[in-house]
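Reproduced below: coords.cif, with mmCIF, C-alpha atoms and all ligand atoms.
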data_run
#
loop_
_atom_site.label_atom_id
_atom_site.label_comp_id
_atom_site.auth_asym_id
_atom_site.auth_seq_id
_atom_site.Cartn_x
_atom_site.Cartn_y
_atom_site.Cartn_z
CA MET A 1 1.90 10.70 10.85
CA LEU A 2 2.53 10.69 7.07
CA THR A 3 2.51 14.04 5.31
CA VAL A 4 3.13 14.54 1.63
CA GLN A 5 3.69 18.12 0.54
CA GLY A 6 3.68 19.46 -3.01
CA LEU A 7 4.93 16.26 -4.60
CA ASP A 8 5.95 16.43 -8.27
CA VAL A 9 7.07 13.16 -9.86
CA ALA A 10 8.06 12.49 -13.46
CA TYR A 11 9.14 9.57 -15.62
CA GLY A 12 11.81 11.28 -17.69
CA ARG A 13 10.11 14.24 -19.30
CA ALA A 14 6.61 12.99 -18.58
CA GLN A 15 5.38 14.51 -15.34
CA VAL A 16 2.82 12.27 -13.66
CA LEU A 17 2.18 13.85 -10.24
CA PHE A 18 1.56 17.58 -9.80
CA GLY A 19 1.82 19.18 -6.37
CA VAL A 20 0.24 16.27 -4.48
CA ASP A 21 -0.57 17.00 -0.83
CA LEU A 22 -1.77 14.27 1.49
CA VAL A 23 -2.06 13.75 5.25
CA ALA A 24 -2.51 10.26 6.70
CA PRO A 25 -2.96 10.57 10.48
CA ALA A 26 -1.68 7.91 12.88
CA GLY A 27 -4.02 4.94 13.10
CA ASP A 28 -6.23 6.01 10.19
CA LEU A 29 -6.96 4.06 7.04
CA VAL A 30 -6.72 6.41 4.08
CA CYS A 31 -7.86 5.25 0.64
CA VAL A 32 -6.09 6.62 -2.41
CA MET A 33 -8.62 6.42 -5.23
CA GLY A 34 -8.97 7.40 -8.88
CA ARG A 35 -9.31 5.90 -12.33
CA ASN A 36 -6.62 3.84 -14.06
CA GLY A 37 -3.42 5.71 -14.83
CA VAL A 38 -4.05 8.78 -12.63
CA GLY A 39 -0.87 8.24 -10.60
CA LYS A 40 -1.84 6.15 -7.54
CA THR A 41 0.98 3.62 -7.90
CA THR A 42 3.45 6.41 -8.70
CA LEU A 43 2.45 8.20 -5.49
CA LEU A 44 3.08 5.15 -3.32
CA LYS A 45 6.42 4.50 -5.04
CA ALA A 46 7.48 8.10 -4.43
CA ILE A 47 6.46 7.90 -0.76
CA MET A 48 8.60 4.76 -0.41
CA GLY A 49 11.58 6.24 -2.29
CA VAL A 50 11.30 3.67 -5.08
CA LEU A 51 10.95 6.64 -7.45
CA PRO A 52 12.74 9.98 -7.01
CA VAL A 53 10.68 13.12 -6.58
CA ARG A 54 11.21 16.19 -8.71
CA SER A 55 10.07 18.46 -5.91
CA GLY A 56 8.07 18.31 -2.70
CA ARG A 57 8.57 16.51 0.61
CA VAL A 58 7.56 13.31 2.38
CA LEU A 59 7.44 13.56 6.18
CA PHE A 60 6.95 10.51 8.38
CA ASN A 61 6.37 11.03 12.08
CA GLY A 62 7.70 14.55 11.77
CA ARG A 63 10.90 13.51 10.03
CA ASP A 64 11.73 14.52 6.47
CA VAL A 65 12.39 11.20 4.69
CA THR A 66 12.45 12.61 1.15
CA GLY A 67 16.18 11.98 0.70
CA LEU A 68 16.22 8.52 2.32
CA LYS A 69 16.56 5.19 0.57
CA THR A 70 13.66 2.75 0.58
CA HIS A 71 15.22 0.42 3.17
CA GLN A 72 15.79 3.38 5.51
CA ARG A 73 12.12 4.31 5.22
CA VAL A 74 11.22 0.69 6.02
CA SER A 75 13.46 0.86 9.12
CA LEU A 76 11.60 3.97 10.24
CA GLY A 77 8.29 2.08 10.07
CA LEU A 78 6.91 2.34 6.55
CA GLY A 79 5.80 -1.04 5.16
CA TYR A 80 5.07 -1.43 1.45
CA VAL A 81 3.19 -4.00 -0.59
CA PRO A 82 3.66 -3.12 -4.28
CA PRO A 83 0.95 -3.95 -6.85
CA GLY A 84 0.71 -7.41 -8.36
CA HIS A 85 1.35 -9.48 -5.19
CA PRO A 86 5.12 -9.77 -5.64
CA THR A 87 6.96 -12.61 -3.92
CA PHE A 88 10.20 -14.49 -4.53
CA PRO A 89 8.66 -17.26 -6.68
CA GLN A 90 11.56 -19.74 -6.35
CA LEU A 91 11.60 -19.53 -2.55
CA THR A 92 9.13 -21.31 -0.31
CA VAL A 93 6.56 -19.40 1.71
CA GLY A 94 8.67 -19.95 4.83
CA GLU A 95 11.82 -18.74 3.07
CA ASN A 96 10.04 -15.63 1.77
CA LEU A 97 9.13 -14.75 5.34
CA GLN A 98 12.58 -15.64 6.63
CA VAL A 99 14.27 -13.34 4.12
CA ALA A 100 12.07 -10.48 5.34
CA ALA A 101 12.82 -11.37 8.97
CA GLU A 102 16.57 -11.36 8.34
CA ALA A 103 16.34 -8.00 6.56
CA ALA A 104 14.39 -6.56 9.49
CA GLY A 105 16.82 -7.93 12.11
CA ALA A 106 15.98 -8.08 15.79
CA ALA A 107 12.85 -5.96 15.37
CA SER A 108 11.20 -8.87 13.60
CA ARG A 109 11.45 -11.38 16.47
CA GLY A 110 8.08 -13.13 16.74
CA ALA A 111 6.75 -11.10 13.84
CA VAL A 112 6.65 -14.05 11.41
CA ASP A 113 4.32 -15.89 13.78
CA GLU A 114 2.12 -12.83 14.17
CA ALA A 115 1.97 -12.37 10.40
CA LEU A 116 0.96 -16.03 10.03
CA ASP A 117 -1.75 -15.55 12.65
CA LEU A 118 -3.27 -13.01 10.29
CA PHE A 119 -3.26 -15.48 7.38
CA PRO A 120 -3.52 -18.93 9.00
CA ALA A 121 -3.88 -20.63 5.60
CA LEU A 122 -0.22 -19.79 4.90
CA ARG A 123 0.86 -22.02 7.83
CA GLY A 124 -0.08 -25.11 5.84
CA LEU A 125 1.89 -23.83 2.84
CA LEU A 126 5.21 -22.94 4.46
CA ARG A 127 7.14 -25.46 2.35
CA ARG A 128 5.48 -24.65 -0.92
CA ARG A 129 7.29 -22.48 -3.46
CA ALA A 130 5.66 -19.07 -3.65
CA GLY A 131 5.49 -19.32 -7.45
CA PHE A 132 3.05 -22.23 -7.09
CA LEU A 133 0.58 -20.32 -4.90
CA SER A 134 -2.63 -18.82 -6.25
CA GLY A 135 -2.68 -15.05 -6.82
CA GLY A 136 -4.68 -14.56 -3.63
CA GLN A 137 -2.29 -16.67 -1.56
CA GLN A 138 0.65 -14.73 -3.03
CA GLN A 139 -1.02 -11.49 -2.02
CA GLN A 140 -1.46 -12.80 1.51
CA LEU A 141 2.21 -13.73 1.55
CA ALA A 142 3.21 -10.30 0.18
CA ILE A 143 1.26 -8.59 2.99
CA ALA A 144 2.61 -11.01 5.62
CA ARG A 145 6.15 -10.30 4.42
CA ALA A 146 5.66 -6.54 4.72
CA LEU A 147 4.37 -7.01 8.27
CA VAL A 148 7.51 -8.82 9.39
CA SER A 149 9.37 -5.50 9.76
CA ARG A 150 6.60 -4.38 12.17
CA PRO A 151 5.61 -1.25 10.25
CA LYS A 152 3.79 1.64 11.90
CA MET A 153 2.14 2.40 8.60
CA LEU A 154 1.41 -0.01 5.75
CA LEU A 155 1.15 1.10 2.12
CA LEU A 156 -0.98 -1.36 0.15
CA ASP A 157 -1.30 -1.02 -3.61
CA GLU A 158 -4.56 -2.60 -4.83
CA PRO A 159 -4.30 -5.78 -2.77
CA THR A 160 -7.53 -7.20 -4.18
CA GLU A 161 -6.83 -6.61 -7.87
CA GLY A 162 -7.10 -9.78 -9.93
CA ILE A 163 -7.75 -11.95 -6.87
CA GLN A 164 -10.48 -14.58 -6.71
CA PRO A 165 -13.54 -13.43 -4.70
CA SER A 166 -13.17 -15.94 -1.84
CA ILE A 167 -9.71 -14.63 -1.03
CA ILE A 168 -10.67 -10.98 -1.55
CA LEU A 169 -12.88 -11.35 1.53
CA GLU A 170 -10.00 -12.83 3.55
CA ILE A 171 -7.72 -9.99 2.49
CA GLU A 172 -10.36 -7.40 3.31
CA GLU A 173 -10.85 -8.95 6.75
CA ALA A 174 -7.10 -8.98 7.35
CA VAL A 175 -6.84 -5.29 6.41
CA GLN A 176 -9.75 -4.55 8.78
CA ARG A 177 -8.09 -6.45 11.59
CA LEU A 178 -4.74 -4.72 11.07
CA HIS A 179 -6.45 -1.37 11.16
CA ARG A 180 -9.25 -1.75 13.72
CA ASP A 181 -7.81 -4.31 16.13
CA LEU A 182 -4.09 -3.60 15.90
CA GLY A 183 -4.36 0.14 15.18
CA LEU A 184 -2.03 0.05 12.19
CA ALA A 185 -2.16 3.11 9.95
CA ILE A 186 -2.84 2.10 6.35
CA LEU A 187 -2.58 3.91 3.03
CA LEU A 188 -4.62 1.78 0.64
CA VAL A 189 -4.82 2.19 -3.11
CA GLU A 190 -8.30 0.98 -3.97
CA GLN A 191 -10.46 1.66 -6.99
CA TYR A 192 -13.67 0.11 -5.69
CA LEU A 193 -15.97 2.44 -3.90
CA GLU A 194 -17.79 -0.33 -2.01
CA LEU A 195 -14.56 -1.55 -0.45
CA ALA A 196 -13.45 1.99 0.39
CA LEU A 197 -16.83 2.62 2.05
CA ARG A 198 -16.33 -0.44 4.26
CA LEU A 199 -12.70 0.21 5.17
CA ALA A 200 -11.67 3.85 4.91
CA ASP A 201 -11.61 6.57 7.55
CA ARG A 202 -10.59 9.12 4.95
CA PHE A 203 -10.00 9.23 1.22
CA VAL A 204 -8.02 11.10 -1.41
CA ILE A 205 -8.98 11.07 -5.11
CA LEU A 206 -6.38 11.66 -7.80
CA ASP A 207 -7.18 12.72 -11.33
CA ALA A 208 -4.48 13.27 -13.95
CA GLY A 209 -1.83 13.40 -11.22
CA GLU A 210 -3.54 15.95 -8.98
CA VAL A 211 -5.57 15.62 -5.81
CA VAL A 212 -9.05 16.63 -6.86
CA ARG A 213 -10.96 15.64 -3.72
CA SER A 214 -10.28 14.46 -0.19
CA GLY A 215 -12.43 13.98 2.86
CA GLU A 216 -14.08 11.66 5.40
CA ARG A 217 -15.58 8.30 4.50
CA THR A 218 -19.16 9.64 4.60
CA GLU A 219 -18.36 12.05 1.77
CA LEU A 220 -17.69 9.07 -0.47
CA GLN A 221 -21.48 8.79 -0.85
CA ASP A 222 -21.57 12.14 -2.60
CA PRO A 223 -22.57 11.89 -6.30
CA SER A 224 -19.74 14.26 -7.24
CA VAL A 225 -17.31 11.66 -5.87
CA HIS A 226 -18.90 8.92 -7.99
CA ALA A 227 -18.38 11.09 -11.06
CA LEU A 228 -14.66 11.31 -10.33
CA LEU A 229 -14.35 7.53 -10.11
CA SER A 230 -16.60 6.33 -12.92
CA VAL A 231 -14.99 5.54 -16.24
N1 LIG B 301 7.76 3.35 -15.78
C1 LIG B 301 6.99 4.28 -16.37
N2 LIG B 301 7.47 5.04 -17.38
C2 LIG B 301 6.71 5.99 -17.98
N3 LIG B 301 5.44 6.25 -17.63
C3 LIG B 301 4.90 5.53 -16.64
C4 LIG B 301 5.64 4.50 -15.96
N4 LIG B 301 4.85 3.95 -15.01
C5 LIG B 301 3.66 4.59 -15.11
N5 LIG B 301 3.70 5.53 -16.08
C6 LIG B 301 2.59 6.44 -16.45
O1 LIG B 301 2.30 7.25 -15.33
C7 LIG B 301 0.90 7.47 -15.23
C8 LIG B 301 0.46 7.05 -13.83
O2 LIG B 301 0.62 5.65 -13.70
P1 LIG B 301 0.30 4.91 -12.33
O3 LIG B 301 0.63 3.46 -12.53
O4 LIG B 301 0.92 5.63 -11.22
O5 LIG B 301 -1.29 5.10 -12.25
P2 LIG B 301 -2.35 4.30 -11.37
O6 LIG B 301 -3.35 5.34 -10.95
O7 LIG B 301 -1.69 3.54 -10.32
O8 LIG B 301 -3.00 3.36 -12.45
P3 LIG B 301 -3.62 1.85 -12.28
O9 LIG B 301 -4.86 2.00 -11.51
O10 LIG B 301 -3.86 1.46 -13.70
O11 LIG B 301 -2.56 1.03 -11.61
C9 LIG B 301 0.25 6.69 -16.35
O12 LIG B 301 0.00 7.58 -17.40
C10 LIG B 301 1.31 5.67 -16.74
O13 LIG B 301 1.21 5.36 -18.11
#
Let me see the structure of the file written as structure tokens.
Ligand SMILES: Nc1ncnc2c1ncn2[C@@H]1O[C@H](COP(=O)(O)OP(=O)(O)OP(=O)(O)O)[C@@H](O)[C@H]1O
Amino acid sequence: MLTVQGLDVAYGRAQVLFGVDLVAPAGDLVCVMGRNGVGKTTLLKAIMGVLPVRSGRVLFNGRDVTGLKTHQRVSLGLGYVPPGHPTFPQLTVGENLQVAAEAAGAASRGAVDEALDLFPALRGLLRRRAGFLSGGQQQQLAIARALVSRPKMLLLDEPTEGIQPSIILEIEEAVQRLHRDLGLAILLVEQYLELALRLADRFVILDAGEVVRSGERTELQDPSVHALLSV
């Protein structure tokens, strides 16, 4: 479903990704792993067209999307939750969702309700400004907002980072439900092996901007994988 071929990405003169290849099949949950600063966030941004690529291609459902703008990729079915649970802090929870629904147009009909079904706690907070929510609640809102465009594949950048433990569990359960019950394909940036072992079908490990290992979930138990993730 999503294929990344030979992706090179640079910030000015500093190249950060080197020939990254990745395949995320329809319906699978693929974890992108690796230590801090290896290029995970950069990879997701390049897939979404938030950053330009120096060379390489991004194919989604057989279509070359490398030259498309981010909103066009969203229209084709790529949903994106950037790191740091971003929301519009001055808008209420309801308004945050409404803005996403308006951007998505007719495709989003009923989608706000479905997104709220996934995070029922947000229903009681619809009138609260997003900036007053806890980090975990903001992350739930950020995921709900991405779902409003009814993506076929969701790109999630460290959704549990900096979130209090009680809400981490809710977010993990929501990701499970999206994947296992609703069959949504997910590309998840996640540093924690335990979480990847519970959620992933497949994994990719980056090191210094290159893919150094990829495989099935069971291979995550391999000591050589641990060595690539430990600091
Ligand atoms: N805007 C930027 N300008 C220049 N260099 C950047 C920029 N953003 C990131 N980098 C550098 O690119 C490299 C990859 O960063 P990136 O955020 O993609 O890594 P990451 O694996 O997601 O790290 P983390 O787990 O800490 O989020 C790092 O060396 C980082 O310092």
Minimum-distance residue to A:Leu193, chosen among A:His226, A:Arg150, A:Arg177, A:Arg129 (using only C-alpha atoms):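 When distances to A:Leu193 are compared using only C-alpha atoms, the smallest one comes from A:His226.
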I need the residue nearest A:Glu194 from this list: A:Asp21, A:Pro86, A:Leu154, A:Cys31. Use all atoms listed in the file for the distance. A:Cys31
Calculated over all atoms listed in the file, which of the candidates A:Leu29, A:Leu147, A:Val38, A:Val50 has the smallest distance to ligand LIG 301 (chain B)?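 The answer is A:Val38, which sits nearest to ligand LIG 301 (chain B).
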If you count only C-alpha atoms and all ligand atoms, which residues end up within 12 Å of ligand LIG 301 (chain B), as a ChimeraX atom specification? /A:9-18,32-46,50-51,82-84,156-159,161-162,188-192,205-211,229,231
So, counting all atoms listed in the file, which residue among A:Gly94, A:Arg57, A:Ser230, A:Leu118 is closest to A:Asp181?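 Looking at the shortest contact to A:Asp181, the residue is A:Leu118.
Computed from the coordinates, the atom CA of A:Met153 to atom CA of A:Gly49 distance equals 14.9 Å.
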Provide the atom CA of A:Ala111 to atom CA of A:Val148 distance in Å, to one decimal place. 5.1 Å
Please identify all polymer residues within 7 Å of A:Leu155, counting only C-alpha atoms, omitting same-chain residues fewer than 3 positions from it, and present them as a list in words. Gly79, Tyr80, Val81, Ile186, Leu187 and Leu188 of chain A
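Closest approach to A:Ala174 from the set A:Pro223, A:Pro52, A:Pro120, A:Gly135 is made by A:Pro120, with distances taken over all atoms listed in the file.
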Quick one: residues within 6 Å of A:Phe60, all atoms listed in the file, excluding same-chain residues fewer than 3 positions away - as a count of residues only? 3
Find the distance between atom CA of A:Arg217 and atom CA of A:Leu78 and write it in Å to one decimal. 23.4 Å
Using all atoms listed in the file, pick whichever of A:Val4, A:Leu197, A:Ile168, A:Leu133 has the shortest atom-to-atom distance to A:Gly56.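 Among A:Val4, A:Leu197, A:Ile168, A:Leu133, it is A:Val4 that comes nearest to A:Gly56.
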